[in-house]
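Trainee: Before I ask anything, here is the structure I am working with.
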Amino acid sequence: MVKFCTECGEKLNDDANFCTNCGFKLNYGSVNTLTVPNEDSPIINQDLVNLEQKFGVDLTNNPWFKCTIEELRESTFFNDTRRDVNTAYVIMYDSYIEIIKESVFIKSDMGHRKVYYDNITSIDYDKRGKFHLSNSVMINTKAGERAIQLKYVQETDYNLLVSYFEKYIENKHYSESNSKTISPADELMKYAQLYKDGLLTREEFEAKKKELL
């Protein structure tokens with residue numbers, strides 16, 4: 001039998017009481033561990049299925065992690081600023097991350113937020129220490145809004161989040177640099193050759209020439 005920690009996905013020994021990767025206290029038979037017959041069998045986690053149905057997202061085929069999110073909100077009723085703390089599920093996609101917020105006590109859906117990589121300026125990581133009670137991530141945006149603060153984030157999850165962000169930026173710069181190196185004249189020569197080879201009609205070639213010139 002193979003067991004996994006559901007907090008970080010680490011493979012575990014049968015007799016482990018704590019996850020060797022994230023330090024999470026294990027409770028076999030509950031939501032903290034997964035047990036599968038062998039390495040090749042699909043992992044079916046009913047708790048994961050329940051989360052997908054509850055929030056309407058795909059957590060099986062997209063990387064994600066669980067943490068908490070702290071937000072400062074202006075209260076018009078009390079005329080002050082209040083600090084909201086909720087559970088957060090952070091899902092990573094190719095061009096954005098989605099943060100699903102769930103209330104800590106009654107487990108209700110507190111809303112979703114999409115943060116596009118184009119709007120992120122930096123992602124910072126603060127390790128737990130003398131001045132920090134938990135590992136935390138600060139996502140800074142271009143819009144001048146308050147940074148998004150995520151707490152109890154494992155360093156492996158932070159690294160995965162940064163890798164998605166950096167991969168998107170790298171691909172974007174590569175695409176932009178390639179588009180700048182191809183001039184209209186080069187494009188016109190390409191379509192002229194296609195017309196010469198009989199792969200374009202005269203009308204199609206003239207339309208492309210008009211578009212480029």
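Naming works like this for the structure tokens: A, B, ... for the chains as they're shown, residue 1 at the start of each chain, ligands 1 onward in shown order.
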Please tabulate, as a Markdown table, the residues of stretch 148-169 of chain A that come within 7 Å of stretch 81-100 of chain A, each with its closest pair of atoms and the distance in Å to one decimal, counting only C-alpha atoms and ordering rows by chain, then residue number upward.
Mentor:
| residue | atom | partner | partner_atom | distance |
| --- | --- | --- | --- | --- |
| A:Leu161 | CA | A:Met92 | CA | 6.9 |
| A:Tyr164 | CA | A:Asp94 | CA | 6.8 |
| A:Tyr168 | CA | A:Ser95 | CA | 6.4 |
Trainee: How would the residues just picked look written out with C-alpha atoms as a compact mmCIF listing (two decimals), in the first residue's frame?
Mentor:
# COMPACT_ATOMS: atom_id res chain seq x y z
CA LEU A 161 3.97 29.33 -8.08
CA TYR A 164 4.52 29.27 -13.43
CA TYR A 168 4.66 32.85 -18.55
Trainee: What's the separation between atom CA of A:Pro63 and atom CA of A:Asp47, in Å to one decimal place?
Mentor: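 Spanning atom CA of A:Pro63 to atom CA of A:Asp47 is a straight-line distance of 16.1 Å.
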Trainee: Name the residues of stretch 95-152 of chain A that come out as strand (DSSP E or B) in a backbone DSSP run; write them as a PyMOL selection string.
Mentor: chain A and resi 96-102+109-116+120-126+136-141+148-151
Trainee: Rounded to one decimal place, report the atom CA of A:Arg128-atom CA of A:Asn159 distance in Å.
Mentor: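 That distance, rounded to one decimal, is 15.8 Å.
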Trainee: Need to verify the contact set: A:Glu187, 10 Å, only C-alpha atoms, exclusion of same-chain residues closer than 6 positions in sequence. Can you return it as a ChimeraX atom specification?
Mentor: /A:208-209,212
Trainee: What's the 9 Å shell around stretch 144-146 of chain A, counting only C-alpha atoms, without same-chain residues fewer than 3 positions away, as an mmCIF file with C-alpha atoms, in the first residue's frame?
Mentor:
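Saved the output as around08.cif:
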data_model
loop_
_atom_site.group_PDB
_atom_site.id
_atom_site.type_symbol
_atom_site.label_atom_id
_atom_site.label_comp_id
_atom_site.auth_asym_id
_atom_site.auth_seq_id
_atom_site.Cartn_x
_atom_site.Cartn_y
_atom_site.Cartn_z
ATOM 1 C CA GLU A 71 -7.188 40.767 3.621
ATOM 2 C CA LEU A 72 -7.796 44.249 5.007
ATOM 3 C CA ASN A 140 2.537 42.418 -5.512
ATOM 4 C CA THR A 141 0.514 43.805 -8.425
ATOM 5 C CA GLN A 149 -0.888 37.994 1.512
#
Trainee: Have a look at A:Ala147, A:Val115, A:Val153, A:Leu59 and name the one nearest to A:Leu133; count only C-alpha atoms.
Mentor: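 When distances to A:Leu133 are compared using only C-alpha atoms, the smallest one comes from A:Val153.
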Trainee: Fewer than 3 positions away in the same chain doesn't count, so skip those; otherwise give me all residues within 10 Å of A:Asn135, counting only C-alpha atoms, as a ChimeraX atom specification.
Mentor: /A:67,125-129,132,150-155,158
Trainee: Can I get the selected residues back with C-alpha atoms, as a short mmCIF file (atom, residue, chain, number, x, y, z; two decimals), in the first residue's frame?
Mentor:
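This is the output file again-v2.cif:
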data_model
loop_
_atom_site.label_atom_id
_atom_site.label_comp_id
_atom_site.auth_asym_id
_atom_site.auth_seq_id
_atom_site.Cartn_x
_atom_site.Cartn_y
_atom_site.Cartn_z
CA CYS A 67 -3.06 28.05 2.73
CA TYR A 125 8.52 34.70 0.26
CA ASP A 126 9.10 35.22 3.98
CA LYS A 127 10.13 32.21 6.01
CA ARG A 128 8.86 31.57 9.49
CA GLY A 129 11.19 33.09 12.06
CA HIS A 132 7.09 35.83 11.23
CA LEU A 150 -0.92 34.21 1.71
CA LYS A 151 0.16 32.46 4.92
CA TYR A 152 1.22 28.93 5.85
CA VAL A 153 2.68 28.39 2.38
CA GLN A 154 5.26 25.63 1.99
CA GLU A 155 8.45 26.61 0.17
CA TYR A 158 6.03 28.96 -3.44
#
Trainee: Would you pick out the contacts of A:Phe55 at 10 Å or less, using only C-alpha atoms, so that residues sharing its chain but fewer than 3 positions from it are not included, and give the list as a list in words?
Mentor: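 Non-adjacent residues within range: Asn50, Leu51, Glu52, Asp58, Leu59, Ile100, Lys101, Glu102, Ser108, Asp109, Gly111 and His112 of chain A.
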